[in-house]
Amino acid sequence: MSTSTEQLSDQLAATTLLRFATAGSVDDGKSTLVGRLLHDSKSVLADQLEAVEHASRSRGQEAPDLALLTDGLRAEREQGITIDVAYRYFATPRRRFILADTPGHVQYTRNMVTGASTAELAVVLVDARNGVVEQTRRHAAVAALLRVPHVVLAVNKMDLVDYQESVFAAIAEEFTTYASELGVPEITAIPISALAGDNVVEPSANMDWYGGPTVLEHLETVPVSHDLTACHARFPVQYVIRPQTAEHPDYRGYAGQIAAGAFRVGEEITVLPSGKKSKIAAIDALGESVDIAWAPQSVTIRLADDIDISRGDLLAPSADAPATSQDVEATVCHVADQPLAVGQRVLLKHTTRTVKAIVKDIPSRLTLDDLSQHPNPGQLVANDIGRVVVRTAEPLALDAYADSRRTGSFLLIDPADGTTLAAGMAGESFATTKAVAVVDEEEGWDF
């Protein structure tokens, strides 16, 4: 093993960070679960806990409302709901965590797309009294579309159903069957009471029939793949550095964040979409030259040849370069209030590149009840999930989202005001779903 490879392996082995998101229907107890995790894992500062206790007393509550640890907006505290995505950082001796507490209301489903887009695990809460509801299925579908590798079903409020094993087993079977049809690779069901603390951090004395891990134990031990060298190496150029000073008269560097994989000095790369080739002459990281760099490091790459490269271009190893195309077939989650219609002109933002585009077709919209495809809906409205075909004005180097979550994703943007319309995942949608057939091309393209 070379020195550079050993250095990469050591760095990756030391990375023990898990990004996870919570999701569920209204009043399922997401914020209470997060608050319980923070409180029982001793991750809450004394002044934070004191503020929560004071706010709880002012509302007439005897015990501290742990949901207030995450619900920071005034409207959230007044209504007792989560509206925006709340990010929290905490750590245990075994792992560091970044969690996203996402809303439960249907109109805020789009916020879950934001929170789960970078998550490696999703905790989907279900109220034991209500079981699997439509919003539960919607969140499972979003997790599957976003290729979240691990899903935890947290059956909450078990204390309100007398901790009955049969209630938990029925909910776990229904959810597991549904999520498996979506192609979710791993599902772990845990019965909990976030309010009482059962099976959140400490094992529950009220459910001796359950022998699995607590929520925190599972979060600490779930395998998280950090073998970034196995990913397709991709480097979107964010900025071209040309100091043109007496000290650096000929310096030309391409700065950005490595989206996936690793790059090495001496490696042959292809610049996309132009297709021109060169070799990596040097890699600068934190002011020093290095032989190897990997995602998600921010670096400057220098090439052996002077090539016309600008922001939005993509560097990839020549042996593993993606194909370029102006036709994008994808699944999108529509997040805007205004609908997305066939023939609509949009901007498509992929990594650091933004190009003009037009919605060529919307072949289908997903029906969450039975996972059927409603054909040719004509448009998508807020929180819809559907297939789209988009034609871009310039070629793009997209990977399939199943291969790379970073370079297989994109945004559709309203060119009039910059509003994000939809979040897209290129290629196949669910792991077990066949691709929707593309209809015949329409005439009248102007690019």
# chains A, B, ... in the order shown; residues from 1 in each chain; ligands from 1

$ residues_around --residues "Arg302 of chain A" --least-positions-apart "5" --cutoff "7 Å" --atoms "only C-alpha atoms" --output "compact mmCIF listing (two decimals) with all heavy atoms, in the first residue's frame"
# COMPACT_ATOMS: atom_id res chain seq x y z
N ARG A 252 -2.32 29.13 -12.63
CA ARG A 252 -3.72 28.95 -13.04
C ARG A 252 -4.26 27.73 -12.27
O ARG A 252 -3.84 26.60 -12.53
CB ARG A 252 -3.84 28.72 -14.54
CG ARG A 252 -5.31 28.56 -15.02
CD ARG A 252 -5.36 28.00 -16.42
NE ARG A 252 -4.79 28.91 -17.39
CZ ARG A 252 -5.49 29.80 -18.11
NH1 ARG A 252 -6.80 29.85 -17.94
NH2 ARG A 252 -4.90 30.58 -18.97
N GLY A 253 -5.15 28.00 -11.34
CA GLY A 253 -5.70 26.92 -10.53
C GLY A 253 -7.21 26.89 -10.59
O GLY A 253 -7.86 27.93 -10.81
N TYR A 254 -7.77 25.71 -10.41
CA TYR A 254 -9.22 25.55 -10.47
C TYR A 254 -9.70 25.11 -9.08
O TYR A 254 -9.39 24.01 -8.62
CB TYR A 254 -9.60 24.53 -11.54
CG TYR A 254 -8.99 24.87 -12.87
CD1 TYR A 254 -7.85 24.20 -13.34
CD2 TYR A 254 -9.49 25.92 -13.64
CE1 TYR A 254 -7.26 24.55 -14.55
CE2 TYR A 254 -8.91 26.27 -14.85
CZ TYR A 254 -7.79 25.58 -15.30
OH TYR A 254 -7.20 25.93 -16.49
N ILE A 280 -3.23 16.02 -13.96
CA ILE A 280 -3.15 16.85 -12.75
C ILE A 280 -1.67 17.09 -12.43
O ILE A 280 -0.93 16.13 -12.15
CB ILE A 280 -3.86 16.17 -11.57
CG1 ILE A 280 -5.35 16.01 -11.88
CG2 ILE A 280 -3.67 16.97 -10.28
CD1 ILE A 280 -6.13 15.30 -10.78
N ALA A 281 -1.27 18.35 -12.48
CA ALA A 281 0.13 18.70 -12.20
C ALA A 281 0.37 18.91 -10.71
O ALA A 281 1.45 18.61 -10.19
CB ALA A 281 0.52 19.95 -12.97
N ALA A 282 -0.66 19.43 -10.00
CA ALA A 282 -0.50 19.69 -8.57
C ALA A 282 -1.87 19.86 -7.94
O ALA A 282 -2.85 20.22 -8.61
CB ALA A 282 0.34 20.94 -8.34
N ILE A 283 -1.94 19.58 -6.65
CA ILE A 283 -3.16 19.80 -5.86
C ILE A 283 -2.77 20.62 -4.64
O ILE A 283 -1.88 20.23 -3.88
CB ILE A 283 -3.80 18.47 -5.41
CG1 ILE A 283 -4.16 17.60 -6.63
CG2 ILE A 283 -5.04 18.73 -4.58
CD1 ILE A 283 -4.68 16.22 -6.26

$ atom_distance --atom1 "atom CA of Ala259 of chain A" --atom2 "atom CA of Thr407 of chain A"
7.1 Å

$ atom_distance --atom1 "atom CA of Ile358 of chain A" --atom2 "atom CA of Arg391 of chain A"
5.5 Å

$ select_by_dssp --residues "segment 94-237 of chain A" --states "helix (DSSP H, G or I)" --output "ChimeraX atom specification"
/A:106-116,134-145,158-161,165-182,215-221,228-230

$ residues_around --residues "Ala426 of chain A" --least-positions-apart "5" --cutoff "9 Å" --atoms "only C-alpha atoms" --output "JSON, numbers by chain"
{"A": [328, 329, 330, 331, 332, 398, 399, 400, 401, 402, 408, 409, 410]}

$ write_last_selection --atoms "N, CA and C atoms" --output "short mmCIF file (atom, residue, chain, number, x, y, z; two decimals), in the first residue's frame"
data_model
loop_
_atom_site.label_atom_id
_atom_site.label_comp_id
_atom_site.auth_asym_id
_atom_site.auth_seq_id
_atom_site.Cartn_x
_atom_site.Cartn_y
_atom_site.Cartn_z
N VAL A 328 -32.48 15.23 -19.97
CA VAL A 328 -32.42 14.76 -18.60
C VAL A 328 -33.74 14.09 -18.24
N GLU A 329 -33.68 12.81 -17.88
CA GLU A 329 -34.84 12.08 -17.38
C GLU A 329 -34.64 11.88 -15.89
N ALA A 330 -35.61 12.29 -15.09
CA ALA A 330 -35.41 12.28 -13.65
C ALA A 330 -36.73 12.19 -12.91
N THR A 331 -36.60 11.90 -11.63
CA THR A 331 -37.73 12.02 -10.69
C THR A 331 -37.52 13.30 -9.90
N VAL A 332 -38.58 14.08 -9.73
CA VAL A 332 -38.47 15.33 -9.00
C VAL A 332 -39.48 15.38 -7.86
N LEU A 398 -24.24 14.60 -15.97
CA LEU A 398 -24.93 14.07 -14.80
C LEU A 398 -24.65 12.59 -14.63
N ASP A 399 -24.42 12.19 -13.40
CA ASP A 399 -24.40 10.77 -13.07
C ASP A 399 -25.81 10.35 -12.72
N ALA A 400 -26.05 9.06 -12.72
CA ALA A 400 -27.32 8.56 -12.17
C ALA A 400 -27.31 8.80 -10.67
N TYR A 401 -28.45 9.23 -10.13
CA TYR A 401 -28.51 9.53 -8.71
C TYR A 401 -28.19 8.30 -7.86
N ALA A 402 -28.52 7.11 -8.38
CA ALA A 402 -28.22 5.87 -7.66
C ALA A 402 -26.72 5.68 -7.50
N GLY A 408 -25.64 13.40 -9.15
CA GLY A 408 -26.84 12.93 -9.82
C GLY A 408 -28.07 13.74 -9.46
N SER A 409 -27.87 14.79 -8.65
CA SER A 409 -28.99 15.64 -8.22
C SER A 409 -28.91 17.01 -8.88
N PHE A 410 -30.04 17.68 -8.94
CA PHE A 410 -30.09 19.01 -9.53
C PHE A 410 -31.31 19.75 -9.00
#

$ residues_around --residues "segment 286-289 of chain A" --least-positions-apart "3" --cutoff "10 Å" --atoms "only C-alpha atoms" --output "list in words"
Val265, Ala282, Ile283, Ile292, Gln297, Ser298, Val299, Thr300 and Ile301 of chain A

$ decode --residues "segment 362-398 of chain A" --atoms "N, CA, C and O atoms" --output "mmCIF file, in the first residue's frame"
data_model
loop_
_atom_site.group_PDB
_atom_site.id
_atom_site.type_symbol
_atom_site.label_atom_id
_atom_site.label_comp_id
_atom_site.auth_asym_id
_atom_site.auth_seq_id
_atom_site.Cartn_x
_atom_site.Cartn_y
_atom_site.Cartn_z
ATOM 1 N N ILE A 362 -43.926 15.571 -18.669
ATOM 2 C CA ILE A 362 -44.127 15.043 -17.317
ATOM 3 C C ILE A 362 -44.874 13.723 -17.494
ATOM 4 O O ILE A 362 -46.109 13.685 -17.516
ATOM 5 N N PRO A 363 -44.150 12.616 -17.677
ATOM 6 C CA PRO A 363 -44.803 11.342 -18.012
ATOM 7 C C PRO A 363 -45.723 10.802 -16.934
ATOM 8 O O PRO A 363 -46.722 10.139 -17.254
ATOM 9 N N SER A 364 -45.398 11.081 -15.647
ATOM 10 C CA SER A 364 -46.228 10.457 -14.612
ATOM 11 C C SER A 364 -46.071 11.179 -13.283
ATOM 12 O O SER A 364 -45.104 11.903 -13.052
ATOM 13 N N ARG A 365 -47.067 10.972 -12.433
ATOM 14 C CA ARG A 365 -47.033 11.450 -11.050
ATOM 15 C C ARG A 365 -47.265 10.263 -10.134
ATOM 16 O O ARG A 365 -48.137 9.429 -10.391
ATOM 17 N N LEU A 366 -46.504 10.186 -9.050
ATOM 18 C CA LEU A 366 -46.584 9.045 -8.149
ATOM 19 C C LEU A 366 -47.808 9.150 -7.234
ATOM 20 O O LEU A 366 -48.058 10.202 -6.643
ATOM 21 N N THR A 367 -48.566 8.066 -7.143
ATOM 22 C CA THR A 367 -49.658 7.962 -6.176
ATOM 23 C C THR A 367 -49.137 7.176 -4.983
ATOM 24 O O THR A 367 -48.775 6.000 -5.111
ATOM 25 N N LEU A 368 -49.086 7.818 -3.822
ATOM 26 C CA LEU A 368 -48.406 7.223 -2.676
ATOM 27 C C LEU A 368 -49.173 6.072 -2.042
ATOM 28 O O LEU A 368 -48.581 5.209 -1.399
ATOM 29 N N ASP A 369 -50.483 6.041 -2.203
ATOM 30 C CA ASP A 369 -51.274 4.992 -1.559
ATOM 31 C C ASP A 369 -50.854 3.600 -2.018
ATOM 32 O O ASP A 369 -50.651 2.694 -1.212
ATOM 33 N N ASP A 370 -50.735 3.422 -3.340
ATOM 34 C CA ASP A 370 -50.409 2.098 -3.867
ATOM 35 C C ASP A 370 -49.160 2.109 -4.744
ATOM 36 O O ASP A 370 -48.866 1.126 -5.421
ATOM 37 N N LEU A 371 -48.431 3.222 -4.748
ATOM 38 C CA LEU A 371 -47.188 3.374 -5.517
ATOM 39 C C LEU A 371 -47.418 3.244 -7.022
ATOM 40 O O LEU A 371 -46.500 2.930 -7.774
ATOM 41 N N SER A 372 -48.644 3.513 -7.476
ATOM 42 C CA SER A 372 -48.909 3.484 -8.910
ATOM 43 C C SER A 372 -48.522 4.816 -9.536
ATOM 44 O O SER A 372 -48.377 5.828 -8.841
ATOM 45 N N GLN A 373 -48.348 4.797 -10.862
ATOM 46 C CA GLN A 373 -47.965 6.001 -11.594
ATOM 47 C C GLN A 373 -49.182 6.551 -12.327
ATOM 48 O O GLN A 373 -49.762 5.864 -13.181
ATOM 49 N N HIS A 374 -49.583 7.785 -11.992
ATOM 50 C CA HIS A 374 -50.683 8.435 -12.704
ATOM 51 C C HIS A 374 -50.114 9.043 -13.979
ATOM 52 O O HIS A 374 -49.285 9.958 -13.926
ATOM 53 N N PRO A 375 -50.515 8.559 -15.164
ATOM 54 C CA PRO A 375 -49.861 8.975 -16.407
ATOM 55 C C PRO A 375 -50.258 10.378 -16.855
ATOM 56 O O PRO A 375 -51.391 10.817 -16.667
ATOM 57 N N ASN A 376 -49.279 11.066 -17.435
ATOM 58 C CA ASN A 376 -49.478 12.356 -18.089
ATOM 59 C C ASN A 376 -50.316 13.332 -17.276
ATOM 60 O O ASN A 376 -51.386 13.791 -17.730
ATOM 61 N N PRO A 377 -49.884 13.727 -16.091
ATOM 62 C CA PRO A 377 -50.676 14.663 -15.288
ATOM 63 C C PRO A 377 -50.671 16.082 -15.836
ATOM 64 O O PRO A 377 -51.512 16.895 -15.458
ATOM 65 N N GLY A 378 -49.707 16.394 -16.705
ATOM 66 C CA GLY A 378 -49.652 17.741 -17.293
ATOM 67 C C GLY A 378 -48.898 18.735 -16.447
ATOM 68 O O GLY A 378 -48.240 19.637 -16.964
ATOM 69 N N GLN A 379 -48.979 18.586 -15.123
ATOM 70 C CA GLN A 379 -48.260 19.473 -14.229
ATOM 71 C C GLN A 379 -48.065 18.799 -12.870
ATOM 72 O O GLN A 379 -48.725 17.809 -12.554
ATOM 73 N N LEU A 380 -47.147 19.336 -12.096
ATOM 74 C CA LEU A 380 -46.926 18.905 -10.724
ATOM 75 C C LEU A 380 -47.177 20.087 -9.813
ATOM 76 O O LEU A 380 -46.778 21.214 -10.127
ATOM 77 N N VAL A 381 -47.828 19.839 -8.678
ATOM 78 C CA VAL A 381 -48.078 20.907 -7.706
ATOM 79 C C VAL A 381 -47.243 20.625 -6.458
ATOM 80 O O VAL A 381 -46.535 19.617 -6.373
ATOM 81 N N ALA A 382 -47.330 21.530 -5.492
ATOM 82 C CA ALA A 382 -46.494 21.448 -4.301
ATOM 83 C C ALA A 382 -46.591 20.072 -3.644
ATOM 84 O O ALA A 382 -47.682 19.535 -3.461
ATOM 85 N N ASN A 383 -45.428 19.505 -3.326
ATOM 86 C CA ASN A 383 -45.264 18.219 -2.648
ATOM 87 C C ASN A 383 -45.520 17.013 -3.536
ATOM 88 O O ASN A 383 -45.434 15.874 -3.064
ATOM 89 N N ASP A 384 -45.819 17.221 -4.832
ATOM 90 C CA ASP A 384 -45.955 16.096 -5.753
ATOM 91 C C ASP A 384 -44.584 15.484 -6.040
ATOM 92 O O ASP A 384 -43.565 16.168 -6.048
ATOM 93 N N ILE A 385 -44.597 14.181 -6.311
ATOM 94 C CA ILE A 385 -43.411 13.464 -6.770
ATOM 95 C C ILE A 385 -43.735 12.894 -8.139
ATOM 96 O O ILE A 385 -44.743 12.206 -8.308
ATOM 97 N N GLY A 386 -42.921 13.205 -9.133
ATOM 98 C CA GLY A 386 -43.231 12.747 -10.477
ATOM 99 C C GLY A 386 -42.002 12.618 -11.346
ATOM 100 O O GLY A 386 -40.899 13.060 -10.991
ATOM 101 N N ARG A 387 -42.194 12.000 -12.503
ATOM 102 C CA ARG A 387 -41.128 11.861 -13.492
ATOM 103 C C ARG A 387 -41.197 13.039 -14.453
ATOM 104 O O ARG A 387 -42.279 13.484 -14.839
ATOM 105 N N VAL A 388 -40.040 13.549 -14.843
ATOM 106 C CA VAL A 388 -39.979 14.641 -15.809
ATOM 107 C C VAL A 388 -38.906 14.345 -16.856
ATOM 108 O O VAL A 388 -37.980 13.571 -16.611
ATOM 109 N N VAL A 389 -39.084 14.965 -18.006
ATOM 110 C CA VAL A 389 -38.062 14.959 -19.056
ATOM 111 C C VAL A 389 -37.743 16.414 -19.355
ATOM 112 O O VAL A 389 -38.634 17.199 -19.689
ATOM 113 N N VAL A 390 -36.479 16.783 -19.192
ATOM 114 C CA VAL A 390 -36.047 18.173 -19.351
ATOM 115 C C VAL A 390 -34.998 18.251 -20.450
ATOM 116 O O VAL A 390 -34.088 17.410 -20.519
ATOM 117 N N ARG A 391 -35.135 19.247 -21.299
ATOM 118 C CA ARG A 391 -34.150 19.508 -22.367
ATOM 119 C C ARG A 391 -33.364 20.753 -21.983
ATOM 120 O O ARG A 391 -33.949 21.810 -21.709
ATOM 121 N N THR A 392 -32.037 20.629 -21.950
ATOM 122 C CA THR A 392 -31.182 21.741 -21.540
ATOM 123 C C THR A 392 -30.542 22.411 -22.757
ATOM 124 O O THR A 392 -30.350 21.793 -23.807
ATOM 125 N N ALA A 393 -30.205 23.680 -22.595
ATOM 126 C CA ALA A 393 -29.603 24.439 -23.688
ATOM 127 C C ALA A 393 -28.154 24.047 -23.932
ATOM 128 O O ALA A 393 -27.627 24.235 -25.028
ATOM 129 N N GLU A 394 -27.486 23.504 -22.895
ATOM 130 C CA GLU A 394 -26.090 23.094 -23.003
ATOM 131 C C GLU A 394 -25.940 21.698 -22.423
ATOM 132 O O GLU A 394 -26.712 21.299 -21.543
ATOM 133 N N PRO A 395 -24.947 20.942 -22.889
ATOM 134 C CA PRO A 395 -24.757 19.579 -22.367
ATOM 135 C C PRO A 395 -24.387 19.600 -20.879
ATOM 136 O O PRO A 395 -23.691 20.493 -20.403
ATOM 137 N N LEU A 396 -24.868 18.593 -20.160
ATOM 138 C CA LEU A 396 -24.547 18.428 -18.749
ATOM 139 C C LEU A 396 -23.952 17.042 -18.520
ATOM 140 O O LEU A 396 -24.304 16.081 -19.213
ATOM 141 N N ALA A 397 -23.066 16.964 -17.534
ATOM 142 C CA ALA A 397 -22.438 15.684 -17.174
ATOM 143 C C ALA A 397 -23.062 15.190 -15.881
ATOM 144 O O ALA A 397 -22.489 15.335 -14.802
ATOM 145 N N LEU A 398 -24.239 14.602 -15.971
ATOM 146 C CA LEU A 398 -24.933 14.072 -14.797
ATOM 147 C C LEU A 398 -24.646 12.594 -14.635
ATOM 148 O O LEU A 398 -24.652 11.831 -15.605
#
